[in-house]
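Visitor: Questions regarding the structure given below will be posed in turn.
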Amino acid sequence: MHNVAAMWLWGGSAQAADLTVWHAYRGDEARAIDEAAAQWGSEHDAQVEVVAVPFGAFDAKIETAVPRGNGPDVFLAAHGNLGKWRAMGIVRPLEGRLDEHRAATVAALQADGQVWGAPLAFKSVVLLYDPTLVDEPPTTTGELVAQARALTGGGRYGLAYQAAEPYFHGVWQHAFGGRALDTDGAHLDGEAQVAALAFSRRLAVESGIAPPQPTAELIARLYGEGNAAFVISGPWFVAETDRPIAAAPLPFVDEAGAPAQPYLTVDAAFVAQPAANGPGATAFAAWLSGPVGAELRQRVGRQAVSHLAIEPDDPLLEVLAAQAEAAVPIPSDPDIQAAFEAQARALRDVLRGAASPQVAARGAQETFRILARPPPPPVAAWPYVLLMALVGLAATAFALAPLRDPAARAQVWRHRFHYGWLVPSGATLLGLLVVPFLTGAAVSLLAHHRGEWSFVGLAHFADILLARDWPVTSPLSFVYTLGVTLLWTVTNLALHVGLGVALAMVLREPWIRLRGVWRALLIVPWAVPNYITALIWKGMFHAQYGAINALLGAVMLRDGPLELDWFGSFAMAFGANLATNTWLGFPFMMVVTLGALQSIPRQLEEAAMLDGASWWFRLRHTIWPMLRPALLPAVILGSVWTFNMFNVVFLVSQGEPNSSTEILISEAYRWAFSRGNRYGYAAAYAVLIFFVLVIYSRGANRLVGRRVL
């Protein structure tokens with residue numbers, strides 16, 4: 001019967017064939033897909049290979065593998081990237097009627113009058129609450145605030161949600177009539193957006209019912225400890241908690257005069273274009289979306305399925321089904337990423353009090369305008385190819401010029417077998433260094449937009465160096481970021497060298513007991529992987545639960561932590577990054593200094609002491625001249641490592657506030673992966689970083705008097 005339904009639904013014949021299916025589910029949802037694939041394969045005498053791809057790498061793998069014919073026949077994913085996938089031509093439309101599915105899930109998968117996926121399930125945020133604390137869930141925001149205030153105190157919060165995330169902000173934005181993205185683009189500075197920003201601040205900050213800096217991990221911890229009465233989140237939160245939890249639809253927003261409307265995410269089965277077996281892939285997608293597949297996915301995977309014939313079988317699924325009636329599908333336009341980035345900046349500014357809702361909304365619209373702007377116009381590639389060919393010929397001629405001398409040619413011929421030993425290392429150097437660099441340099445001349453590449457020449461370099469996108473004083477400009485990077489490098493080096501040399505001078509003294517133990521302990525920060533250290537320090541800087549604020553509160557004899565917002569201003573955020581990287585970097589300088597001090601005879605210091613030289617005089621005129629030759633190369637190498645210390649900036653401050661603490665390497669990452677996948681622009685950043693380091697290395701080698709870099 002379900003085979004007949006599949007043929008009717010999609011207007012084709014169900015054919016058996018071997019299939020490959022990719023998904024990014026985990027736990028029960030993944031088990032449901034495995035069982036569904038096994039059942040369909042058994043019924044159709046076909047082999048269905050199911051591949052679970054890590055969630056973080058799923059989109060990139062799809063967008064890389066499918067266009068080259070190496071991807072799956074069917075892939076299961078949320079609909080948010082449908083616009084980009086359509087532009088890239090990696091999904092094929094499906095024909096047929098979808099009357100048996102919820103209208104909102106069908107609408108999310110429609111574009112240009114066609115359906116581009118088989119709807120499977122839907123997710124949205126709802127109002128979750130602790131039934132041991134709450135007897136009756138609120139139906140309006142006024143009731144929510146009143147109940148949350150009554151339940152706040154003694155380390156417990158009445159409401160916890162990720163207020164600074166645009167996805168969660170959509171709950172209030174839609175109620176006020178705002179949209180992150182309309183058919184004619186974004187209008188993030190409208191009255192509805194301003195009202196929603198003001199409401200978010202009143203609810204998340206001014207009401208005093210929510211924790212500051214609420215991350216997903218903090219909210220889960222609070223609820224797990226019984227310290228959060230209400231949580232705005234989705235079914236993923238329920239799956240990860242062991243405590244009693246109940247769900248209710250989001251409340252009516254009194255100030256807006258409308259119900260809260262969350263974003264709706266629709267999971268669908270997409271048929272890849274090209275698929276090795278298109279008819280079989282279409283039949284499997286229809287079956288998985290149909291009543292049999294939907295019943296299995298709900299029963300085993302606990303999904304809120306889109307098929308109307310399957311009734312929800314537990315309270316959470318019933319609430320999700322009710323909430324879906326008021327939910328707004330996430331726009332699948334690729335520009336939604338730029339809109340979310342712009343909104344996130346506005347939300348952070350408003351919540352920390354750095355800008356009024358009006359100013360933040362105007363800034364969000366301007367940010368969106370620049371992030372979503374089309375790529376530079378294409379230019380002819382042949383002048384660049386010709387120039388590179390001429391440069392290559394000139395370099396080859398210069399390298400081979402000595403061979404014009406017969407004596408030089410004879411010498412090379414005599415050592416021809418010796419040169420053969422250089423081939424393996426030369427090939428390795430070519431493959432690991434030269435080819436990747438040339439590839440990156442070539443990408444910097446291209447523009448990537450919605451899956452399409454175009455040759456734009458030096459346009460990215462002109463945009464970056466001439467600050468065409470942003471004012472020079474903007475944290476997003478290359479000049480500003482270069483200044484921050486230089487400040488970052490100099491301050492870190494000063495602390496690394498100062499602390500390293502000071503500790504080494506102390507640890508060399510014979511009167512220090514357990515010197516070996518102290519040396520081992522002080523090397524530990526360097527031995528621990530820096531990304532682990534960065535995450536630890538990130539937690540220590542939390543405004544309310546961080547160890548640093550707790551220590552400051554104890555020192556100042558306060559009842560509780562000091563609650564400093566370490567990431568609310570440039571100075572504080574830069575200081576947090578600096579403290580973390582100083583902890584990571586001083587052991588290296590200490591070890592180098594200790595090694596160099598071993599070669600300095602103590603008799604020289606004793607003789608200077610007998611002559612009446614002070615400690616500072618001995619350090620300056622006896623120790624330092626002999627220490628400098630060993631320490632300066634370490635300083636230069638350390639400066640390069642610090643210049644590109646991506647992990648600390650990316651994990652600790654995350655560039656806050658508003659990218660002002662980003663360094664060049666982390667800014668290049670943002671352009672590649674957080675701001676519309678502008679790979680060519682990011683590659684141009686990387687090339688500029690390379691030339692900055694080349695200039696620095698030349699000057700450093702001249703300073704040291706020998707080649708270090």
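Letters A, B, ... mark the chains of the structure tokens in the order given; residue numbers begin at 1 per chain; ligand numbers begin at 1, in order shown.
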Leaving out stretch 683-696 of chain A and any residue of its chain fewer than 6 positions from it, which residues lie within 9 Å of it when counting only C-alpha atoms, given as a VMD selection string?
Guide: chain A and resid 437 440 to 445 458 460 to 461 464 478 640 643 664 to 665 667 to 668 671 to 672 709
Visitor: Next, write the just-selected residues to a file, as a short mmCIF file (atom, residue, chain, number, x, y, z; two decimals), in the first residue's frame, keeping N, CA and C atoms as the atom set.
Guide:
```cif
data_model
loop_
_atom_site.label_atom_id
_atom_site.label_comp_id
_atom_site.auth_asym_id
_atom_site.auth_seq_id
_atom_site.Cartn_x
_atom_site.Cartn_y
_atom_site.Cartn_z
N PHE A 437 49.94 26.97 -0.75
CA PHE A 437 50.06 28.43 -0.79
C PHE A 437 49.58 28.99 -2.13
N GLY A 440 45.80 28.78 -2.30
CA GLY A 440 45.16 29.86 -1.54
C GLY A 440 45.29 31.20 -2.22
N ALA A 441 46.46 31.46 -2.80
CA ALA A 441 46.65 32.72 -3.52
C ALA A 441 45.73 32.80 -4.73
N ALA A 442 45.52 31.66 -5.41
CA ALA A 442 44.61 31.65 -6.56
C ALA A 442 43.16 31.89 -6.12
N VAL A 443 42.77 31.31 -4.98
CA VAL A 443 41.41 31.50 -4.47
C VAL A 443 41.15 32.97 -4.14
N SER A 444 42.19 33.69 -3.71
CA SER A 444 42.02 35.10 -3.36
C SER A 444 41.63 35.94 -4.57
N LEU A 445 41.82 35.42 -5.76
CA LEU A 445 41.45 36.14 -6.98
C LEU A 445 40.04 35.78 -7.45
N LEU A 458 42.08 41.36 -8.46
CA LEU A 458 42.56 41.94 -7.21
C LEU A 458 41.49 42.74 -6.47
N HIS A 460 39.29 41.86 -4.22
CA HIS A 460 39.25 41.62 -2.77
C HIS A 460 40.35 42.39 -2.06
N PHE A 461 41.53 42.43 -2.63
CA PHE A 461 42.63 43.16 -2.00
C PHE A 461 42.32 44.66 -1.96
N ILE A 464 39.76 45.31 0.79
CA ILE A 464 40.33 45.19 2.13
C ILE A 464 41.23 46.37 2.46
N PHE A 478 40.46 45.99 7.89
CA PHE A 478 41.78 45.34 7.95
C PHE A 478 42.76 46.17 8.76
N VAL A 640 55.75 35.20 16.08
CA VAL A 640 54.98 34.65 14.96
C VAL A 640 53.86 33.76 15.47
N PHE A 643 51.22 36.05 16.88
CA PHE A 643 50.56 36.79 15.80
C PHE A 643 49.39 35.99 15.23
N LEU A 664 43.96 39.12 12.91
CA LEU A 664 43.84 38.90 11.47
C LEU A 664 43.44 37.48 11.13
N ILE A 665 44.03 36.50 11.81
CA ILE A 665 43.75 35.11 11.44
C ILE A 665 42.33 34.71 11.80
N GLU A 667 39.82 36.84 12.02
CA GLU A 667 38.95 37.60 11.14
C GLU A 667 38.84 36.90 9.78
N ALA A 668 39.94 36.35 9.29
CA ALA A 668 39.89 35.61 8.04
C ALA A 668 38.96 34.40 8.16
N TRP A 671 35.28 35.54 7.88
CA TRP A 671 34.84 35.83 6.52
C TRP A 671 34.61 34.54 5.73
N ALA A 672 35.35 33.51 6.05
CA ALA A 672 35.20 32.27 5.30
C ALA A 672 33.97 31.47 5.74
N LEU A 709 63.91 33.18 10.60
CA LEU A 709 62.66 32.88 9.90
C LEU A 709 62.88 32.94 8.40
#
```
Visitor: Hey, what does DSSP flag as strand (DSSP E or B) within stretch 372-613 of chain A? Can you give it to me as an NGL selection string?
Guide: :A and (446-449 or 452-455)
Visitor: With distances taken over only C-alpha atoms, which of A:Leu320, A:Val51, A:Leu347, A:Ala630 is nearest to A:Ala360?
Guide: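 Of A:Leu320, A:Val51, A:Leu347, A:Ala630, the one nearest A:Ala360 is A:Leu347, counting only C-alpha atoms.
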Visitor: I need the residue nearest A:Thr265 from this list: A:Leu151, A:Ala107, A:Ala354, A:Leu507. Use only C-alpha atoms for the distance.
Guide: A:Ala107
Visitor: Using atom CA of A:Gln110 and atom CA of A:Ala192 as the two end points, give the distance in Å to one decimal.
Guide: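 Spanning atom CA of A:Gln110 to atom CA of A:Ala192 is a straight-line distance of 26.7 Å.
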Visitor: Applying 6 Å and only C-alpha atoms, which residues near A:Phe230 remain after dropping the ones on its own chain fewer than 6 positions away? List them as a PDB file with N, CA and C atoms, in the first residue's frame.
Guide:
```pdb
ATOM      1  N   LEU A 128       9.443  25.336  28.057  1.00  0.00           N
ATOM      2  CA  LEU A 128       9.694  24.185  28.924  1.00  0.00           C
ATOM      3  C   LEU A 128       9.706  24.657  30.371  1.00  0.00           C
ATOM      4  N   TYR A 129       9.252  23.813  31.270  1.00  0.00           N
ATOM      5  CA  TYR A 129       9.230  24.224  32.671  1.00  0.00           C
ATOM      6  C   TYR A 129       9.418  23.023  33.587  1.00  0.00           C
ATOM      7  N   GLY A 158      14.102  32.414  37.296  1.00  0.00           N
ATOM      8  CA  GLY A 158      12.773  32.088  36.817  1.00  0.00           C
ATOM      9  C   GLY A 158      12.742  31.728  35.350  1.00  0.00           C
ATOM     10  N   LEU A 159      13.623  32.325  34.546  1.00  0.00           N
ATOM     11  CA  LEU A 159      13.624  32.098  33.098  1.00  0.00           C
ATOM     12  C   LEU A 159      15.054  32.026  32.596  1.00  0.00           C
TER      13      LEU A 159
END
```
Visitor: Using Å and a single decimal, report how far atom CA of A:Arg620 sits from atom CA of A:Ala607.
Guide: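 Pair atom CA of A:Ala607 / atom CA of A:Arg620 returns 14.8 Å.
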Visitor: Extract, using only C-alpha atoms, all DNA, RNA and protein residues at most 9 Å from stretch 217-228 of chain A, discarding same-chain residues fewer than 3 positions from it, and format them as a list in words.
Guide: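 Listed by chain and then number, they are Tyr129, Asp130, Leu133, Leu151, Thr152, Gly154, Gly155, Arg156, Tyr157, Gly158, Leu159, Ala160, Tyr161, Gln162, Ala210, Pro211, Gln213, Pro214, Val231, Phe237, Glu240, Thr241, Asp242 and Arg243 of chain A.
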Visitor: Given the selection you just returned, output its residues as a file containing C-alpha atoms, formatted as a PDB file, in the first residue's frame.
Guide:
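So the final result, stored in selection.pdb, reads:
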```
ATOM      1  CA  TYR A 129       9.230  24.224  32.671  1.00  0.00           C
ATOM      2  CA  ASP A 130      10.064  22.316  35.825  1.00  0.00           C
ATOM      3  CA  LEU A 133       8.259  24.161  40.690  1.00  0.00           C
ATOM      4  CA  LEU A 151      10.657  31.699  41.537  1.00  0.00           C
ATOM      5  CA  THR A 152      13.863  33.774  41.262  1.00  0.00           C
ATOM      6  CA  GLY A 154      18.712  31.847  46.163  1.00  0.00           C
ATOM      7  CA  GLY A 155      20.722  30.978  43.051  1.00  0.00           C
ATOM      8  CA  ARG A 156      17.625  30.037  41.052  1.00  0.00           C
ATOM      9  CA  TYR A 157      16.337  31.895  37.984  1.00  0.00           C
ATOM     10  CA  GLY A 158      12.773  32.088  36.817  1.00  0.00           C
ATOM     11  CA  LEU A 159      13.624  32.098  33.098  1.00  0.00           C
ATOM     12  CA  ALA A 160      16.646  30.962  31.116  1.00  0.00           C
ATOM     13  CA  TYR A 161      17.079  31.204  27.364  1.00  0.00           C
ATOM     14  CA  GLN A 162      19.751  32.302  24.897  1.00  0.00           C
ATOM     15  CA  ALA A 210      17.280  35.581  33.772  1.00  0.00           C
ATOM     16  CA  PRO A 211      20.989  34.801  34.229  1.00  0.00           C
ATOM     17  CA  GLN A 213      25.519  35.559  29.595  1.00  0.00           C
ATOM     18  CA  PRO A 214      23.189  32.555  29.215  1.00  0.00           C
ATOM     19  CA  VAL A 231      13.408  27.466  29.740  1.00  0.00           C
ATOM     20  CA  PHE A 237      17.007  20.210  25.357  1.00  0.00           C
ATOM     21  CA  GLU A 240      19.657  15.898  27.182  1.00  0.00           C
ATOM     22  CA  THR A 241      18.144  16.357  30.662  1.00  0.00           C
ATOM     23  CA  ASP A 242      17.459  13.714  33.276  1.00  0.00           C
ATOM     24  CA  ARG A 243      15.212  15.866  35.460  1.00  0.00           C
TER      25      ARG A 243
END
```
Visitor: Can you work out which one of A:Val649, A:Val145, A:Ala389, A:Leu487 has the shortest atom-to-atom distance to A:Lys538, counting only C-alpha atoms?
Guide: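 Of A:Val649, A:Val145, A:Ala389, A:Leu487, the one nearest A:Lys538 is A:Val649, counting only C-alpha atoms.
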Visitor: Could you state the separation of atom CA of A:Glu325 and atom CA of A:Thr105 in Å, given to one decimal place?
Guide: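 Here the two named atoms are 10.2 Å from each other.
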Visitor: Restricting the calculation to only C-alpha atoms, which member of A:Ala576, A:Arg515, A:Gly676, A:Ala554 is positioned closest to A:Ala534?
Guide: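 Checking each candidate against A:Ala534, we get A:Ala576 as the closest.
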Visitor: With only C-alpha atoms as the basis for distance, which of A:Tyr25, A:Phe284, A:Trp85, A:Trp641 is at the shortest distance from A:Val490?
Guide: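 For A:Val490, the nearest of the given residues is A:Trp641.
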Visitor: Report the residues of stretch 422-623 of chain A whose backbone DSSP state falls under alpha helix (DSSP H), written as a PyMOL selection string.
Guide: chain A and resi 423-429+435-443+459-465+478-507+515-527+530-540+547-555+570-597+602-610+615-618
Visitor: Can you pull out the residues contacting A:Val21? Cut-off 8 Å, using only C-alpha atoms, and skip same-chain residues under 5 positions away; I want them as a ChimeraX atom specification.
Guide: /A:48-51,72-76
Visitor: Take the selection from the previous step and output its residues with C-alpha atoms, as a PDB file, in the first residue's frame.
Guide:
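Printed below is result_24.pdb as written:
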```pdb
ATOM      1  CA  VAL A  48      20.408   0.966   1.605  1.00  0.00           C
ATOM      2  CA  GLU A  49      23.700   2.220   3.010  1.00  0.00           C
ATOM      3  CA  VAL A  50      23.150   4.747   5.789  1.00  0.00           C
ATOM      4  CA  VAL A  51      26.056   7.080   6.613  1.00  0.00           C
ATOM      5  CA  PRO A  72      24.594  10.239  -1.498  1.00  0.00           C
ATOM      6  CA  ASP A  73      21.417   9.545  -3.404  1.00  0.00           C
ATOM      7  CA  VAL A  74      19.331  10.944  -0.548  1.00  0.00           C
ATOM      8  CA  PHE A  75      20.374  13.197   2.300  1.00  0.00           C
ATOM      9  CA  LEU A  76      18.307  14.115   5.342  1.00  0.00           C
TER      10      LEU A  76
END
```
Visitor: Which residues come within 10 Å of stretch 56-67 of chain A, counting only C-alpha atoms, excluding same-chain residues fewer than 3 positions away, as a list in words?
Guide: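 Listing them by chain and then by number gives Trp22, His23, Ala24, Ala52, Val53, Asn70, Gly71, Pro72, Asp73, Phe75, Ala77, Asn81, Lys84, Trp85, Met88, Gly89, Ile90, Val91, Ala272, Gln273, Pro274, Ala275 and Gly451 of chain A.
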Visitor: Export N, CA and C atoms of the chosen residues as a PDB file, in the first residue's frame?
Guide:
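Everything below was put into result.pdb:
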```pdb
ATOM      1  N   TRP A  22      22.643   9.855   3.535  1.00  0.00           N
ATOM      2  CA  TRP A  22      23.439  10.565   4.538  1.00  0.00           C
ATOM      3  C   TRP A  22      22.519  11.316   5.488  1.00  0.00           C
ATOM      4  N   HIS A  23      22.927  11.383   6.747  1.00  0.00           N
ATOM      5  CA  HIS A  23      22.194  12.182   7.722  1.00  0.00           C
ATOM      6  C   HIS A  23      23.159  12.608   8.820  1.00  0.00           C
ATOM      7  N   ALA A  24      22.706  13.512   9.684  1.00  0.00           N
ATOM      8  CA  ALA A  24      23.532  13.999  10.796  1.00  0.00           C
ATOM      9  C   ALA A  24      22.824  13.785  12.129  1.00  0.00           C
ATOM     10  N   ALA A  52      26.172   8.142   8.790  1.00  0.00           N
ATOM     11  CA  ALA A  52      25.986   9.216   9.764  1.00  0.00           C
ATOM     12  C   ALA A  52      27.183  10.161   9.676  1.00  0.00           C
ATOM     13  N   VAL A  53      26.948  11.375   9.241  1.00  0.00           N
ATOM     14  CA  VAL A  53      27.995  12.381   9.070  1.00  0.00           C
ATOM     15  C   VAL A  53      27.957  13.323  10.275  1.00  0.00           C
ATOM     16  N   ASN A  70      30.115  12.319  -5.893  1.00  0.00           N
ATOM     17  CA  ASN A  70      30.609  11.422  -4.848  1.00  0.00           C
ATOM     18  C   ASN A  70      29.703  11.394  -3.626  1.00  0.00           C
ATOM     19  N   GLY A  71      28.568  12.035  -3.719  1.00  0.00           N
ATOM     20  CA  GLY A  71      27.697  12.142  -2.562  1.00  0.00           C
ATOM     21  C   GLY A  71      26.640  11.058  -2.521  1.00  0.00           C
ATOM     22  N   PRO A  72      25.650  11.238  -1.655  1.00  0.00           N
ATOM     23  CA  PRO A  72      24.594  10.239  -1.498  1.00  0.00           C
ATOM     24  C   PRO A  72      23.518  10.398  -2.563  1.00  0.00           C
ATOM     25  N   ASP A  73      22.617   9.411  -2.576  1.00  0.00           N
ATOM     26  CA  ASP A  73      21.417   9.545  -3.404  1.00  0.00           C
ATOM     27  C   ASP A  73      20.375  10.395  -2.693  1.00  0.00           C
ATOM     28  N   PHE A  75      19.816  12.710   1.044  1.00  0.00           N
ATOM     29  CA  PHE A  75      20.374  13.197   2.300  1.00  0.00           C
ATOM     30  C   PHE A  75      19.265  13.852   3.113  1.00  0.00           C
ATOM     31  N   ALA A  77      18.213  16.434   5.988  1.00  0.00           N
ATOM     32  CA  ALA A  77      18.764  17.657   6.580  1.00  0.00           C
ATOM     33  C   ALA A  77      17.645  18.648   6.821  1.00  0.00           C
ATOM     34  N   ASN A  81      19.255  25.487   4.438  1.00  0.00           N
ATOM     35  CA  ASN A  81      20.203  25.724   3.349  1.00  0.00           C
ATOM     36  C   ASN A  81      19.613  25.433   1.975  1.00  0.00           C
ATOM     37  N   LYS A  84      20.552  27.859  -0.869  1.00  0.00           N
ATOM     38  CA  LYS A  84      21.916  27.704  -1.375  1.00  0.00           C
ATOM     39  C   LYS A  84      22.046  26.432  -2.201  1.00  0.00           C
ATOM     40  N   TRP A  85      21.429  25.349  -1.724  1.00  0.00           N
ATOM     41  CA  TRP A  85      21.526  24.087  -2.452  1.00  0.00           C
ATOM     42  C   TRP A  85      20.830  24.167  -3.812  1.00  0.00           C
ATOM     43  N   MET A  88      23.133  25.978  -6.102  1.00  0.00           N
ATOM     44  CA  MET A  88      24.267  25.133  -6.488  1.00  0.00           C
ATOM     45  C   MET A  88      23.843  23.979  -7.388  1.00  0.00           C
ATOM     46  N   GLY A  89      22.532  23.737  -7.482  1.00  0.00           N
ATOM     47  CA  GLY A  89      22.043  22.654  -8.327  1.00  0.00           C
ATOM     48  C   GLY A  89      22.298  21.275  -7.781  1.00  0.00           C
ATOM     49  N   ILE A  90      22.281  21.131  -6.447  1.00  0.00           N
ATOM     50  CA  ILE A  90      22.587  19.812  -5.871  1.00  0.00           C
ATOM     51  C   ILE A  90      21.343  19.117  -5.331  1.00  0.00           C
ATOM     52  N   VAL A  91      20.161  19.707  -5.490  1.00  0.00           N
ATOM     53  CA  VAL A  91      18.912  19.029  -5.135  1.00  0.00           C
ATOM     54  C   VAL A  91      17.981  19.085  -6.334  1.00  0.00           C
ATOM     55  N   ALA A 272      19.469  13.984  -4.165  1.00  0.00           N
ATOM     56  CA  ALA A 272      20.642  14.684  -4.687  1.00  0.00           C
ATOM     57  C   ALA A 272      20.591  14.757  -6.205  1.00  0.00           C
ATOM     58  N   GLN A 273      21.177  15.819  -6.724  1.00  0.00           N
ATOM     59  CA  GLN A 273      21.289  15.999  -8.171  1.00  0.00           C
ATOM     60  C   GLN A 273      22.768  16.192  -8.524  1.00  0.00           C
ATOM     61  N   PRO A 274      23.438  15.241  -9.130  1.00  0.00           N
ATOM     62  CA  PRO A 274      22.837  14.012  -9.657  1.00  0.00           C
ATOM     63  C   PRO A 274      22.826  12.892  -8.615  1.00  0.00           C
ATOM     64  N   ALA A 275      21.852  12.004  -8.716  1.00  0.00           N
ATOM     65  CA  ALA A 275      21.796  10.809  -7.881  1.00  0.00           C
ATOM     66  C   ALA A 275      22.024   9.597  -8.773  1.00  0.00           C
ATOM     67  N   GLY A 451      27.450  29.227  -4.081  1.00  0.00           N
ATOM     68  CA  GLY A 451      27.903  28.050  -4.806  1.00  0.00           C
ATOM     69  C   GLY A 451      28.569  28.328  -6.131  1.00  0.00           C
TER      70      GLY A 451
END
```
Visitor: Just checking: using only C-alpha atoms, which residue out of A:Thr485, A:Thr141, A:Ser233, A:Gln47 ends up closest to A:Leu203?
Guide: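 For A:Leu203, the nearest of the given residues is A:Thr141.
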Visitor: So that I can see what lies close to A:Trp583, please list as a compact mmCIF listing (two decimals) with C-alpha atoms, in the first residue's frame the residues with an atom at most 10 Å from it, counting only C-alpha atoms and leaving out residues fewer than 4 positions away in the same chain.
Guide:
```
# COMPACT_ATOMS: atom_id res chain seq x y z
CA ASN A 492 51.94 39.14 24.87
CA LEU A 495 54.62 39.44 29.36
CA HIS A 496 55.98 36.15 28.03
CA LEU A 499 57.66 36.42 33.28
CA LEU A 522 55.56 25.75 35.54
CA VAL A 524 52.39 22.35 32.61
CA PRO A 525 50.55 25.33 30.99
CA TRP A 526 52.69 24.90 27.90
CA ASN A 530 46.00 25.37 24.10
CA THR A 533 43.33 25.84 28.26
CA ALA A 534 41.36 28.46 26.32
CA TRP A 537 39.83 30.24 30.97
CA LEU A 578 45.93 38.46 27.19
CA ALA A 579 45.76 36.70 30.55
CA PRO A 587 56.75 28.58 30.05
```
